[in-house]
$ cat model-v1.cif   # mmCIF, C-alpha atoms
data_start
loop_
_atom_site.label_atom_id
_atom_site.label_comp_id
_atom_site.auth_asym_id
_atom_site.auth_seq_id
_atom_site.Cartn_x
_atom_site.Cartn_y
_atom_site.Cartn_z
CA MET F 1 121.37 82.32 105.13
CA ARG F 2 119.71 83.09 101.80
CA GLU F 3 117.78 79.85 101.94
CA THR F 4 116.55 80.65 105.42
CA PHE F 5 115.56 84.06 104.14
CA HIS F 6 113.55 82.62 101.28
CA ASP F 7 111.91 80.08 103.57
CA GLN F 8 110.87 82.82 105.91
CA LEU F 9 109.64 84.98 103.06
CA GLU F 10 107.67 82.04 101.71
CA ALA F 11 106.12 81.50 105.14
CA ILE F 12 105.06 85.15 105.23
CA ARG F 13 103.50 84.84 101.80
CA SER F 14 101.66 81.69 102.80
CA ASP F 15 100.37 83.35 105.97
CA LEU F 16 99.19 86.36 103.97
CA VAL F 17 97.17 83.96 101.84
CA ASP F 18 95.71 82.33 104.99
CA MET F 19 94.90 85.76 106.37
CA SER F 20 93.07 86.69 103.17
CA GLU F 21 91.06 83.47 103.47
CA ARG F 22 90.11 84.39 107.00
CA VAL F 23 88.98 87.81 105.78
CA ALA F 24 87.01 86.14 102.98
CA THR F 25 85.18 84.07 105.60
CA ALA F 26 84.54 87.17 107.70
CA MET F 27 83.11 89.04 104.71
CA ALA F 28 80.90 86.13 103.63
CA ARG F 29 79.55 85.79 107.17
CA ALA F 30 79.06 89.53 107.58
CA THR F 31 77.02 89.69 104.37
CA ARG F 32 74.86 86.74 105.44
CA ALA F 33 74.47 88.23 108.93
CA LEU F 34 73.33 91.45 107.30
CA LEU F 35 70.86 89.99 104.84
CA GLU F 36 69.42 87.33 107.13
CA ALA F 37 69.65 89.35 110.35
CA ASP F 38 71.69 86.50 111.81
CA VAL F 39 73.13 87.84 115.03
CA SER F 40 75.22 84.81 115.96
CA LEU F 41 76.98 85.01 112.60
CA ALA F 42 77.55 88.73 113.18
CA ASP F 43 79.02 87.93 116.60
CA SER F 44 81.40 85.38 115.12
CA VAL F 45 82.75 88.02 112.72
CA ILE F 46 83.13 90.48 115.60
CA SER F 47 85.01 88.05 117.83
CA ASP F 48 87.18 86.64 115.02
CA ASP F 49 88.44 90.08 114.07
CA GLU F 50 90.86 89.83 116.97
CA ILE F 51 92.54 86.84 115.30
CA ILE F 52 92.97 88.88 112.11
CA ASP F 53 94.54 91.71 114.11
CA GLU F 54 96.90 89.29 115.85
CA THR F 55 97.92 87.78 112.52
CA ARG F 56 98.63 91.30 111.28
CA ASN F 57 100.86 92.02 114.31
CA ASP F 58 102.66 88.72 113.91
CA LEU F 59 103.27 89.19 110.19
CA GLU F 60 104.43 92.78 110.63
CA GLU F 61 106.89 91.71 113.28
CA ARG F 62 108.23 88.86 111.14
CA ALA F 63 108.61 91.05 108.05
CA PHE F 64 110.40 93.61 110.16
CA GLU F 65 112.73 90.98 111.64
CA LEU F 66 113.51 89.79 108.16
CA LEU F 67 114.54 93.30 107.16
CA ALA F 68 116.59 93.75 110.32
CA ARG F 69 118.44 90.42 110.30
CA GLN F 70 118.78 89.53 106.67
CA GLN F 71 119.09 92.98 105.12
CA PRO F 72 117.62 91.92 101.81
CA VAL F 73 118.29 93.97 98.67
CA ALA F 74 116.74 94.48 95.25
CA VAL F 75 113.68 92.32 94.54
CA ASP F 76 113.83 90.59 97.92
CA LEU F 77 113.64 93.94 99.67
CA ARG F 78 110.71 94.99 97.49
CA VAL F 79 108.87 91.78 98.38
CA VAL F 80 109.28 92.33 102.11
CA VAL F 81 108.18 95.96 101.91
CA ALA F 82 105.22 94.97 99.73
CA SER F 83 104.27 92.30 102.29
CA LEU F 84 104.27 94.90 105.04
CA ARG F 85 101.85 96.95 102.99
CA MET F 86 99.61 94.11 101.93
CA VAL F 87 99.16 92.98 105.50
CA THR F 88 97.87 96.47 106.35
CA GLU F 89 95.41 96.38 103.45
CA ILE F 90 94.12 92.92 104.31
CA GLU F 91 93.71 93.79 107.97
CA ARG F 92 91.71 96.84 106.92
CA MET F 93 89.47 94.63 104.78
CA GLY F 94 88.83 92.60 107.92
CA ASP F 95 87.81 95.82 109.69
CA LEU F 96 85.31 96.56 106.94
CA ALA F 97 83.74 93.11 107.36
CA LEU F 98 83.65 93.89 111.08
CA HIS F 99 81.84 97.19 110.45
CA ILE F 100 79.22 95.38 108.35
CA ALA F 101 78.74 92.78 111.10
CA LYS F 102 78.31 95.56 113.64
CA VAL F 103 75.58 97.22 111.59
CA ALA F 104 73.85 93.81 111.30
CA ARG F 105 74.09 93.41 115.07
CA LEU F 106 72.84 96.93 115.77
CA ARG F 107 69.62 96.47 113.78
CA TYR F 108 68.90 92.90 114.94
CA PRO F 109 66.22 91.41 114.94
CA GLU F 110 65.53 93.57 111.89
CA SER F 111 67.78 93.52 108.84
CA ALA F 112 69.62 96.81 108.29
CA VAL F 113 68.97 96.34 104.57
CA PRO F 114 65.40 96.86 103.31
CA GLU F 115 63.92 94.19 101.01
CA ASP F 116 64.33 96.22 97.82
CA PHE F 117 68.10 96.58 98.43
CA LYS F 118 68.82 93.00 99.43
CA SER F 119 69.69 91.73 95.97
CA THR F 120 72.15 94.60 95.48
CA PHE F 121 73.92 93.86 98.74
CA ALA F 122 73.89 90.14 98.00
CA GLU F 123 75.63 90.93 94.72
CA MET F 124 78.12 93.29 96.36
CA GLY F 125 78.82 90.57 98.91
CA ARG F 126 79.36 88.02 96.16
CA LEU F 127 81.78 90.33 94.36
CA ALA F 128 83.54 91.14 97.63
CA GLY F 129 84.04 87.40 98.14
CA GLN F 130 85.43 87.19 94.64
CA VAL F 131 87.93 90.04 95.01
CA ILE F 132 89.34 88.79 98.30
CA ALA F 133 89.61 85.24 96.94
CA LYS F 134 91.44 86.58 93.89
CA ALA F 135 93.66 88.81 96.04
CA GLY F 136 94.75 85.71 97.95
CA GLN F 137 95.40 83.83 94.70
CA VAL F 138 97.35 86.77 93.26
CA ILE F 139 99.57 86.80 96.36
CA ARG F 140 100.09 83.07 95.99
CA THR F 141 100.60 82.83 92.23
CA ARG F 142 101.51 86.41 91.14
CA ASP F 143 99.16 85.91 88.24
CA GLU F 144 98.76 89.22 86.42
CA VAL F 145 95.71 88.09 84.47
CA LEU F 146 93.93 87.36 87.73
CA ALA F 147 94.99 90.76 89.06
CA ARG F 148 93.30 92.40 86.08
CA GLU F 149 90.19 90.28 86.58
CA LEU F 150 90.10 91.46 90.17
CA GLU F 151 90.10 95.07 88.98
CA ALA F 152 87.18 94.33 86.67
CA ASP F 153 85.28 92.83 89.61
CA ASP F 154 86.00 95.94 91.62
CA ASP F 155 84.61 98.09 88.80
CA LEU F 156 81.36 96.16 89.15
CA ILE F 157 81.30 96.86 92.89
CA ASP F 158 81.79 100.56 92.12
CA ASP F 159 78.94 100.48 89.61
CA LEU F 160 76.63 98.84 92.15
CA HIS F 161 77.73 101.38 94.73
CA GLN F 162 76.83 104.30 92.46
CA ALA F 163 73.52 102.72 91.46
CA LEU F 164 72.75 102.24 95.16
CA PHE F 165 72.80 105.98 95.77
CA ARG F 166 70.71 106.76 92.71
CA ARG F 167 68.02 104.30 93.82
CA LEU F 168 68.20 105.34 97.45
CA VAL F 169 67.51 108.99 96.59
CA LEU F 170 64.37 107.95 94.73
CA SER F 171 63.15 105.64 97.49
CA SER F 172 60.92 106.53 100.40
CA HIS F 173 63.00 104.85 103.07
CA SER F 174 63.56 106.35 106.50
CA ILE F 175 66.66 108.43 107.16
CA GLU F 176 67.93 105.69 109.47
CA THR F 177 67.77 103.21 106.60
CA ALA F 178 69.39 105.73 104.27
CA ILE F 179 72.30 106.12 106.72
CA ASP F 180 72.72 102.35 107.04
CA VAL F 181 72.58 101.73 103.31
CA THR F 182 75.00 104.60 102.62
CA LEU F 183 77.58 103.37 105.13
CA LEU F 184 77.22 99.73 104.12
CA GLY F 185 77.65 100.63 100.46
CA ARG F 186 80.80 102.53 101.35
CA TYR F 187 82.19 99.56 103.31
CA TYR F 188 81.81 97.21 100.34
CA GLU F 189 83.26 99.80 97.99
CA ARG F 190 86.33 100.32 100.19
CA PHE F 191 86.74 96.57 100.57
CA GLY F 192 87.05 96.30 96.79
CA ASP F 193 89.53 99.21 96.69
CA HIS F 194 91.84 97.51 99.17
CA ALA F 195 91.75 94.27 97.19
CA VAL F 196 92.78 96.24 94.11
CA SER F 197 95.68 97.78 96.06
CA VAL F 198 96.88 94.34 97.10
CA ALA F 199 96.76 93.09 93.51
CA ARG F 200 98.57 96.20 92.26
CA ARG F 201 101.38 95.72 94.74
CA VAL F 202 101.88 92.20 93.44
CA VAL F 203 101.80 93.35 89.80
CA TYR F 204 104.38 95.99 90.70
CA LEU F 205 106.67 93.31 92.09
CA VAL F 206 106.35 91.27 88.93
CA THR F 207 106.57 94.04 86.34
CA GLY F 208 108.31 96.87 88.17
CA ALA F 209 105.47 99.25 87.33
CA TYR F 210 102.05 99.88 88.76
CA PRO F 211 99.07 99.64 86.43
CA GLU F 212 97.60 103.12 85.69
CA THR F 213 96.31 104.67 88.89
CA VAL F 214 92.69 104.57 89.95
CA ALA F 215 91.32 107.47 91.98
CA HIS F 216 88.82 106.86 94.77
CA MET S 1 127.91 107.05 105.34
CA ARG S 2 125.95 107.23 108.57
CA GLU S 3 125.85 110.99 108.40
CA THR S 4 124.51 110.85 104.86
CA PHE S 5 121.95 108.36 106.10
CA HIS S 6 120.81 110.62 108.90
CA ASP S 7 120.71 113.64 106.60
CA GLN S 8 118.50 111.74 104.20
CA LEU S 9 116.31 110.49 107.00
CA GLU S 10 116.01 114.02 108.32
CA ALA S 11 115.03 115.24 104.85
CA ILE S 12 112.30 112.59 104.70
CA ARG S 13 111.01 113.64 108.08
CA SER S 14 110.99 117.28 107.08
CA ASP S 15 109.14 116.46 103.85
CA LEU S 16 106.58 114.43 105.79
CA VAL S 17 105.94 117.54 107.88
CA ASP S 18 105.57 119.65 104.71
CA MET S 19 103.21 117.06 103.27
CA SER S 20 101.07 117.16 106.41
CA GLU S 21 100.91 120.97 106.09
CA ARG S 22 99.73 120.61 102.52
CA VAL S 23 97.03 118.19 103.68
CA ALA S 24 96.06 120.64 106.44
CA THR S 25 95.57 123.33 103.79
CA ALA S 26 93.54 120.93 101.64
CA MET S 27 91.30 120.03 104.58
CA ALA S 28 90.78 123.66 105.62
CA ARG S 29 89.88 124.60 102.05
CA ALA S 30 87.61 121.58 101.60
CA THR S 31 85.69 122.47 104.74
CA ARG S 32 85.29 126.10 103.63
CA ALA S 33 84.30 124.98 100.12
CA LEU S 34 81.69 122.74 101.69
CA LEU S 35 80.19 125.25 104.11
CA GLU S 36 80.32 128.26 101.79
CA ALA S 37 79.60 126.37 98.55
CA ASP S 38 82.84 127.83 97.19
CA VAL S 39 83.49 125.94 93.98
CA SER S 40 86.85 127.51 93.14
CA LEU S 41 88.18 126.52 96.55
CA ALA S 42 86.85 123.00 95.96
CA ASP S 43 88.62 122.94 92.59
CA SER S 44 91.91 124.00 94.15
CA VAL S 45 91.71 121.05 96.56
CA ILE S 46 90.90 118.70 93.70
CA SER S 47 93.80 119.86 91.52
CA ASP S 48 96.30 120.04 94.41
CA ASP S 49 95.68 116.43 95.36
CA GLU S 50 98.00 115.45 92.53
CA ILE S 51 100.88 117.23 94.28
CA ILE S 52 100.15 115.26 97.46
CA ASP S 53 100.18 112.01 95.47
CA GLU S 54 103.48 112.94 93.83
CA THR S 55 105.02 113.76 97.20
CA ARG S 56 103.88 110.37 98.42
CA ASN S 57 105.53 108.62 95.46
CA ASP S 58 108.72 110.60 95.93
CA LEU S 59 108.90 109.93 99.68
CA GLU S 60 108.15 106.23 99.23
CA GLU S 61 110.89 105.92 96.66
CA ARG S 62 113.39 107.76 98.85
CA ALA S 63 112.56 105.70 101.93
CA PHE S 64 112.91 102.57 99.85
CA GLU S 65 116.28 103.69 98.46
CA LEU S 66 117.44 104.37 101.98
CA LEU S 67 116.57 100.80 102.96
CA ALA S 68 118.23 99.38 99.87
CA ARG S 69 121.45 101.39 99.96
CA GLN S 70 122.10 102.01 103.62
CA GLN S 71 120.64 98.86 105.13
CA PRO S 72 119.79 100.52 108.42
CA VAL S 73 119.31 98.43 111.56
CA ALA S 74 117.59 98.79 114.93
CA VAL S 75 115.99 102.17 115.57
CA ASP S 76 117.06 103.58 112.21
CA LEU S 77 115.28 100.76 110.43
CA ARG S 78 112.16 101.30 112.53
CA VAL S 79 112.17 104.99 111.62
CA VAL S 80 112.37 104.29 107.88
CA VAL S 81 109.61 101.66 108.03
CA ALA S 82 107.45 104.00 110.13
CA SER S 83 108.01 106.77 107.57
CA LEU S 84 106.80 104.49 104.80
CA ARG S 85 103.62 103.92 106.75
CA MET S 86 103.06 107.50 107.78
CA VAL S 87 103.33 108.69 104.21
CA THR S 88 100.51 106.28 103.29
CA GLU S 89 98.32 107.58 106.12
CA ILE S 90 98.94 111.23 105.26
CA GLU S 91 98.26 110.65 101.58
CA ARG S 92 94.99 108.99 102.55
CA MET S 93 94.07 112.03 104.64
CA GLY S 94 94.60 114.10 101.50
CA ASP S 95 92.18 111.78 99.69
CA LEU S 96 89.56 112.39 102.35
CA ALA S 97 89.91 116.16 101.92
CA LEU S 98 89.55 115.51 98.18
CA HIS S 99 86.34 113.53 98.75
CA ILE S 100 84.90 116.41 100.78
CA ALA S 101 85.84 118.89 98.05
CA LYS S 102 84.15 116.67 95.46
CA VAL S 103 80.90 116.59 97.43
CA ALA S 104 81.08 120.40 97.70
CA ARG S 105 81.58 120.61 93.93
CA LEU S 106 78.77 118.16 93.17
CA ARG S 107 76.17 120.19 95.08
CA TYR S 108 77.33 123.61 93.92
CA PRO S 109 75.73 126.24 93.85
CA GLU S 110 73.97 124.72 96.87
CA SER S 111 75.87 123.68 99.98
CA ALA S 112 75.84 119.92 100.58
CA VAL S 113 75.41 120.68 104.28
CA PRO S 114 72.02 122.00 105.43
CA GLU S 115 71.99 125.06 107.72
CA ASP S 116 71.26 123.12 110.90
CA PHE S 117 74.36 120.94 110.39
CA LYS S 118 76.79 123.68 109.43
CA SER S 119 78.06 124.39 112.92
CA THR S 120 78.77 120.68 113.46
CA PHE S 121 80.78 120.43 110.25
CA ALA S 122 82.56 123.69 111.03
CA GLU S 123 83.60 122.17 114.35
CA MET S 124 84.63 118.87 112.76
CA GLY S 125 86.66 120.86 110.25
CA ARG S 126 88.31 122.85 113.04
CA LEU S 127 89.23 119.65 114.89
CA ALA S 128 90.44 118.05 111.66
CA GLY S 129 92.74 121.04 111.20
CA GLN S 130 93.95 120.57 114.74
CA VAL S 131 94.73 116.85 114.40
CA ILE S 132 96.66 117.23 111.15
CA ALA S 133 98.62 120.19 112.56
CA LYS S 134 99.46 118.14 115.65
CA ALA S 135 100.34 115.09 113.54
CA GLY S 136 102.87 117.24 111.69
CA GLN S 137 104.28 118.56 114.97
CA VAL S 138 104.47 115.06 116.43
CA ILE S 139 106.48 113.91 113.40
CA ARG S 140 108.75 116.92 113.82
CA THR S 141 109.21 116.89 117.60
CA ARG S 142 108.21 113.33 118.66
CA ASP S 143 106.33 114.96 121.51
CA GLU S 144 104.30 112.27 123.28
CA VAL S 145 102.16 114.76 125.16
CA LEU S 146 101.07 116.27 121.87
CA ALA S 147 100.33 112.78 120.54
CA ARG S 148 97.97 112.21 123.46
CA GLU S 149 96.33 115.58 122.89
CA LEU S 150 95.77 114.58 119.28
CA GLU S 151 93.97 111.44 120.44
CA ALA S 152 91.73 113.53 122.68
CA ASP S 153 90.90 115.78 119.70
CA ASP S 154 90.04 112.70 117.68
CA ASP S 155 87.69 111.54 120.45
CA LEU S 156 85.83 114.82 120.02
CA ILE S 157 85.55 114.21 116.27
CA ASP S 158 84.12 110.75 117.04
CA ASP S 159 81.61 112.26 119.47
CA LEU S 160 80.48 114.81 116.88
CA HIS S 161 80.25 112.03 114.30
CA GLN S 162 77.97 109.95 116.52
CA ALA S 163 75.85 112.97 117.44
CA LEU S 164 75.51 113.76 113.75
CA PHE S 165 73.73 110.45 113.10
CA ARG S 166 71.45 110.84 116.10
CA ARG S 167 70.36 114.29 114.93
CA LEU S 168 70.09 113.28 111.29
CA VAL S 169 67.66 110.46 112.11
CA LEU S 170 65.39 112.93 113.90
CA SER S 171 65.55 115.52 111.12
CA SER S 172 63.24 115.83 108.15
CA HIS S 173 65.97 116.25 105.54
CA SER S 174 65.81 114.63 102.12
CA ILE S 175 67.49 111.29 101.53
CA GLU S 176 70.01 113.03 99.28
CA THR S 177 71.02 115.29 102.16
CA ALA S 178 71.12 112.31 104.51
CA ILE S 179 73.52 110.52 102.15
CA ASP S 180 75.77 113.58 101.85
CA VAL S 181 75.83 114.22 105.60
CA THR S 182 76.51 110.53 106.32
CA LEU S 183 79.43 110.31 103.90
CA LEU S 184 80.88 113.67 104.92
CA GLY S 185 80.72 112.69 108.59
CA ARG S 186 82.52 109.48 107.78
CA TYR S 187 85.26 111.35 105.88
CA TYR S 188 86.02 113.60 108.85
CA GLU S 189 85.93 110.67 111.21
CA ARG S 190 88.41 108.66 109.10
CA PHE S 191 90.62 111.73 108.75
CA GLY S 192 90.92 111.82 112.55
CA ASP S 193 91.63 108.08 112.70
CA HIS S 194 94.55 108.39 110.30
CA ALA S 195 96.03 111.27 112.29
CA VAL S 196 95.85 109.08 115.39
CA SER S 197 97.66 106.29 113.50
CA VAL S 198 100.44 108.68 112.52
CA ALA S 199 100.86 109.86 116.11
CA ARG S 200 100.86 106.27 117.38
CA ARG S 201 103.60 105.28 114.99
CA VAL S 202 105.75 108.10 116.34
CA VAL S 203 105.01 107.17 119.96
CA TYR S 204 105.96 103.60 119.11
CA LEU S 205 109.31 104.79 117.80
CA VAL S 206 109.96 106.74 120.97
CA THR S 207 108.70 104.26 123.55
CA GLY S 208 108.88 100.91 121.74
CA ALA S 209 105.21 100.26 122.50
CA TYR S 210 101.96 101.40 120.97
CA PRO S 211 99.45 103.11 123.23
CA GLU S 212 96.43 100.86 123.97
CA THR S 213 94.60 100.09 120.73
CA VAL S 214 91.53 101.95 119.58
CA ALA S 215 88.96 100.07 117.52
CA HIS S 216 87.24 101.79 114.62
#

$ encode --input "model-v1.cif" --output "C-alpha cells"
Amino acid sequence: MRETFHDQLEAIRSDLVDMSERVATAMARATRALLEADVSLADSVISDDEIIDETRNDLEERAFELLARQQPVAVDLRVVVASLRMVTEIERMGDLALHIAKVARLRYPESAVPEDFKSTFAEMGRLAGQVIAKAGQVIRTRDEVLARELEADDDLIDDLHQALFRRLVLSSHSIETAIDVTLLGRYYERFGDHAVSVARRVVYLVTGAYPETVAH
Amino acid sequence: MRETFHDQLEAIRSDLVDMSERVATAMARATRALLEADVSLADSVISDDEIIDETRNDLEERAFELLARQQPVAVDLRVVVASLRMVTEIERMGDLALHIAKVARLRYPESAVPEDFKSTFAEMGRLAGQVIAKAGQVIRTRDEVLARELEADDDLIDDLHQALFRRLVLSSHSIETAIDVTLLGRYYERFGDHAVSVARRVVYLVTGAYPETVAH
C-alpha cells in the first residue's frame, strides 16, 4: 500500500516536472512570437494551452484520489497538498504565456513591442525561461540552492519590470503601445512570482518553514 | 469525532466568510481611496492586508490539521480541499485591493484616475463589491443561483475592462495615466475572476461538476 502510494506520488511529481517543461516551451514560443511577430508560433501556444489545462485536471484528480484512498499523514500529506498547489501555479504560468501569445496575435503583422523595448522583453523572456526551468528542477531535486537562485532571477525580472515603466513614461509611444507594454510587463512579472511560489512550496516541504515572505 | 470534525469545518467556513467580508471592505476602501485621492483610506487598506494574510495562514493551517487528524473522505474531503483553494483565491483578492490602494497612494495628492474615467472605475468598484459579497454568501449558503448571478456580474466587469482600453486608446492622456488605468483595470478584472473561481468551487461541491469553463 505504502509502496503504491509512493509510486503514485512519484508519478505526480514527474508529471509536474513535465508540465513545467511544457510551460517553459509555451513561454519561449510566446516570447519569440511577440518579438518576431510570428503568428504561427503564437497559435501553437494558444492551441497547446488546452493540453496544459488537461494535465492540470488530471493531476488534480490524481492528487485528490491519493488523499481519498491512501489517507497519507505527516510529510506525505504535506507533499500531496503542496502538489495540488503547485499544479495551480504552473497552470497559471501557462495562462500567462497564453496571454502573451494572444497579444502577439492581436498585433500581427506588427510586433506589439516597439523596437526600443525589444531587448528588455527578450531579457524578461530569457529570465522567464530560466525561472520555469529552475522551478521544474526544484520540484525534481528539492534543491534549496536552486530555489534561492530562482528567487534571484525573479528579482531581476522585477527590476526590468520597474525599469520598463520608467522608460515607457519618458517615451513618445502611442497609448495603444503603452497599454500593450504595460500588460506584457505585468504578465512576465507575474510569471516570475508564480515560479517563486512553486520553489517556496518545495523549500517548505524540505525545511518546514517558508523563506521570508515577498509582497507583490 | 465526526461532530468535532463538522464543527471545525463549519468554523473554517464561517471564517472564510469573515475573510471575504474583510476583503470586501478593503476593496471598497481602495476604490474610494483611488477616486477621492484619500491617502489615509489607502493606508488603512495597506496596513490591513497583513490581517488578511494572517487569516489565510491560520485557515490553511487549520484545514491542513483537519486533513491530517481526521482523515476525511468523500464529500468531507472535497470540502476541506476546496476550502484550501478558496482561501488562496480570497487572499489574492485582498492583494488586488492592496495593489489598487498602492496606486492611489503613489499618485496622492492627485487621483490616479482622470475625471473621464472615474465613473467607469466607480462602476467597476461597485461590481467588485458585489462579486465579493456574493462570493461570501455562496460560501455560506451554497446557493447556485447566486453563483450564477456572480458570474453575470463578472461579465459586466469584463465588459467595462474591455471598454476601458477602447476609450483609453482614443484619449489624449499621458503615458503615465495610461499605465495606471491599464493596471488598475487589470486589477479589477482579476478580482472578478477570482470571485468566479470561488463560486465555481462551491458549485462543484454541490453538483459534482464545474460550470462550463471560462478562459481568461

$ closest_residue --input "model-v1.cif" --among "S:Arg29, S:Arg92, S:Arg22, S:Arg105" --to "chain F" --atoms "only C-alpha atoms"
S:Arg92

$ resolve_selection --input "model-v1.cif" --expression "the PyMOL selection byres ((chain S and resi 162-174) around 12)" --output "VMD selection string"
(chain F and resid 168 to 180 183) or (chain S and resid 112 to 121 123 to 124 155 to 161 175 to 186 188 to 189)

$ write_last_selection --input "model-v1.cif" --atoms "C-alpha atoms" --output "mmCIF file, in the coordinates of the input"
data_model
loop_
_atom_site.group_PDB
_atom_site.id
_atom_site.type_symbol
_atom_site.label_atom_id
_atom_site.label_comp_id
_atom_site.auth_asym_id
_atom_site.auth_seq_id
_atom_site.Cartn_x
_atom_site.Cartn_y
_atom_site.Cartn_z
ATOM 1 C CA LEU F 168 68.200 105.340 97.450
ATOM 2 C CA VAL F 169 67.510 108.990 96.590
ATOM 3 C CA LEU F 170 64.370 107.950 94.730
ATOM 4 C CA SER F 171 63.150 105.640 97.490
ATOM 5 C CA SER F 172 60.920 106.530 100.400
ATOM 6 C CA HIS F 173 63.000 104.850 103.070
ATOM 7 C CA SER F 174 63.560 106.350 106.500
ATOM 8 C CA ILE F 175 66.660 108.430 107.160
ATOM 9 C CA GLU F 176 67.930 105.690 109.470
ATOM 10 C CA THR F 177 67.770 103.210 106.600
ATOM 11 C CA ALA F 178 69.390 105.730 104.270
ATOM 12 C CA ILE F 179 72.300 106.120 106.720
ATOM 13 C CA ASP F 180 72.720 102.350 107.040
ATOM 14 C CA LEU F 183 77.580 103.370 105.130
ATOM 15 C CA ALA S 112 75.840 119.920 100.580
ATOM 16 C CA VAL S 113 75.410 120.680 104.280
ATOM 17 C CA PRO S 114 72.020 122.000 105.430
ATOM 18 C CA GLU S 115 71.990 125.060 107.720
ATOM 19 C CA ASP S 116 71.260 123.120 110.900
ATOM 20 C CA PHE S 117 74.360 120.940 110.390
ATOM 21 C CA LYS S 118 76.790 123.680 109.430
ATOM 22 C CA SER S 119 78.060 124.390 112.920
ATOM 23 C CA THR S 120 78.770 120.680 113.460
ATOM 24 C CA PHE S 121 80.780 120.430 110.250
ATOM 25 C CA GLU S 123 83.600 122.170 114.350
ATOM 26 C CA MET S 124 84.630 118.870 112.760
ATOM 27 C CA ASP S 155 87.690 111.540 120.450
ATOM 28 C CA LEU S 156 85.830 114.820 120.020
ATOM 29 C CA ILE S 157 85.550 114.210 116.270
ATOM 30 C CA ASP S 158 84.120 110.750 117.040
ATOM 31 C CA ASP S 159 81.610 112.260 119.470
ATOM 32 C CA LEU S 160 80.480 114.810 116.880
ATOM 33 C CA HIS S 161 80.250 112.030 114.300
ATOM 34 C CA ILE S 175 67.490 111.290 101.530
ATOM 35 C CA GLU S 176 70.010 113.030 99.280
ATOM 36 C CA THR S 177 71.020 115.290 102.160
ATOM 37 C CA ALA S 178 71.120 112.310 104.510
ATOM 38 C CA ILE S 179 73.520 110.520 102.150
ATOM 39 C CA ASP S 180 75.770 113.580 101.850
ATOM 40 C CA VAL S 181 75.830 114.220 105.600
ATOM 41 C CA THR S 182 76.510 110.530 106.320
ATOM 42 C CA LEU S 183 79.430 110.310 103.900
ATOM 43 C CA LEU S 184 80.880 113.670 104.920
ATOM 44 C CA GLY S 185 80.720 112.690 108.590
ATOM 45 C CA ARG S 186 82.520 109.480 107.780
ATOM 46 C CA TYR S 188 86.020 113.600 108.850
ATOM 47 C CA GLU S 189 85.930 110.670 111.210
#

$ closest_residue --input "model-v1.cif" --among "S:Arg56, S:Arg32, S:Arg62, S:Arg69" --to "chain F" --atoms "all atoms listed in the file"
S:Arg69

$ resolve_selection --input "model-v1.cif" --expression "the PyMOL selection byres ((chain S and resi 96-99) around 7)" --output "short mmCIF file (atom, residue, chain, number, x, y, z; two decimals) with C-alpha atoms, keeping the file's coordinate frame"
data_model
loop_
_atom_site.label_atom_id
_atom_site.label_comp_id
_atom_site.auth_asym_id
_atom_site.auth_seq_id
_atom_site.Cartn_x
_atom_site.Cartn_y
_atom_site.Cartn_z
CA ALA S 26 93.54 120.93 101.64
CA MET S 27 91.30 120.03 104.58
CA ALA S 30 87.61 121.58 101.60
CA VAL S 45 91.71 121.05 96.56
CA ILE S 46 90.90 118.70 93.70
CA ASP S 49 95.68 116.43 95.36
CA ARG S 92 94.99 108.99 102.55
CA MET S 93 94.07 112.03 104.64
CA GLY S 94 94.60 114.10 101.50
CA ASP S 95 92.18 111.78 99.69
CA ILE S 100 84.90 116.41 100.78
CA ALA S 101 85.84 118.89 98.05
CA LYS S 102 84.15 116.67 95.46
CA VAL S 103 80.90 116.59 97.43
CA TYR S 187 85.26 111.35 105.88
CA PHE S 191 90.62 111.73 108.75
#

$ atom_distance --input "model-v1.cif" --atom1 "atom CA of Asp48 of chain S" --atom2 "atom CA of Val202 of chain S"
26.7 Å

$ closest_residue --input "model-v1.cif" --among "F:Leu41, F:Val75, F:Ala33, F:Ile51" --to "chain S" --atoms "all atoms listed in the file"
F:Val75

$ residues_around --input "model-v1.cif" --residues "segment 140-142 of chain S" --least-positions-apart "4" --cutoff "9 Å" --atoms "all atoms listed in the file" --output "PyMOL selection string"
chain S and resi 13-14+16-17+135-136+146-147+199+202-203+205-206

$ write_last_selection --input "model-v1.cif" --atoms "C-alpha atoms" --output "CSV table (one decimal), keeping the file's coordinate frame"
chain,number,residue,atom,x,y,z
S,13,ARG,CA,111.0,113.6,108.1
S,14,SER,CA,111.0,117.3,107.1
S,16,LEU,CA,106.6,114.4,105.8
S,17,VAL,CA,105.9,117.5,107.9
S,135,ALA,CA,100.3,115.1,113.5
S,136,GLY,CA,102.9,117.2,111.7
S,146,LEU,CA,101.1,116.3,121.9
S,147,ALA,CA,100.3,112.8,120.5
S,199,ALA,CA,100.9,109.9,116.1
S,202,VAL,CA,105.8,108.1,116.3
S,203,VAL,CA,105.0,107.2,120.0
S,205,LEU,CA,109.3,104.8,117.8
S,206,VAL,CA,110.0,106.7,121.0

$ closest_residue --input "model-v1.cif" --among "S:Val23, S:Ala28, S:Ala74, S:Leu66" --to "chain F" --atoms "all atoms listed in the file"
S:Ala74

$ closest_residue --input "model-v1.cif" --among "S:Pro109, S:Gly129, S:Pro72, S:Gly208" --to "chain F" --atoms "all atoms listed in the file"
S:Pro72

$ resolve_selection --input "model-v1.cif" --expression "the PyMOL selection byres ((chain S and resi 85) around 12)" --output "PyMOL selection string"
(chain F and resi 60+81-82+84-89) or (chain S and resi 16+56+59-60+63-64+78-84+86-92+194-195+197-202)

$ closest_residue --input "model-v1.cif" --among "S:Glu110, S:Glu151, S:Ala122, S:Leu77" --to "chain F" --atoms "all atoms listed in the file"
S:Leu77

$ atom_distance --input "model-v1.cif" --atom1 "atom CA of Glu21 of chain S" --atom2 "atom CA of Glu36 of chain S"
22.3 Å

$ atom_distance --input "model-v1.cif" --atom1 "atom CA of Val196 of chain S" --atom2 "atom CA of Thr25 of chain S"
18.4 Å
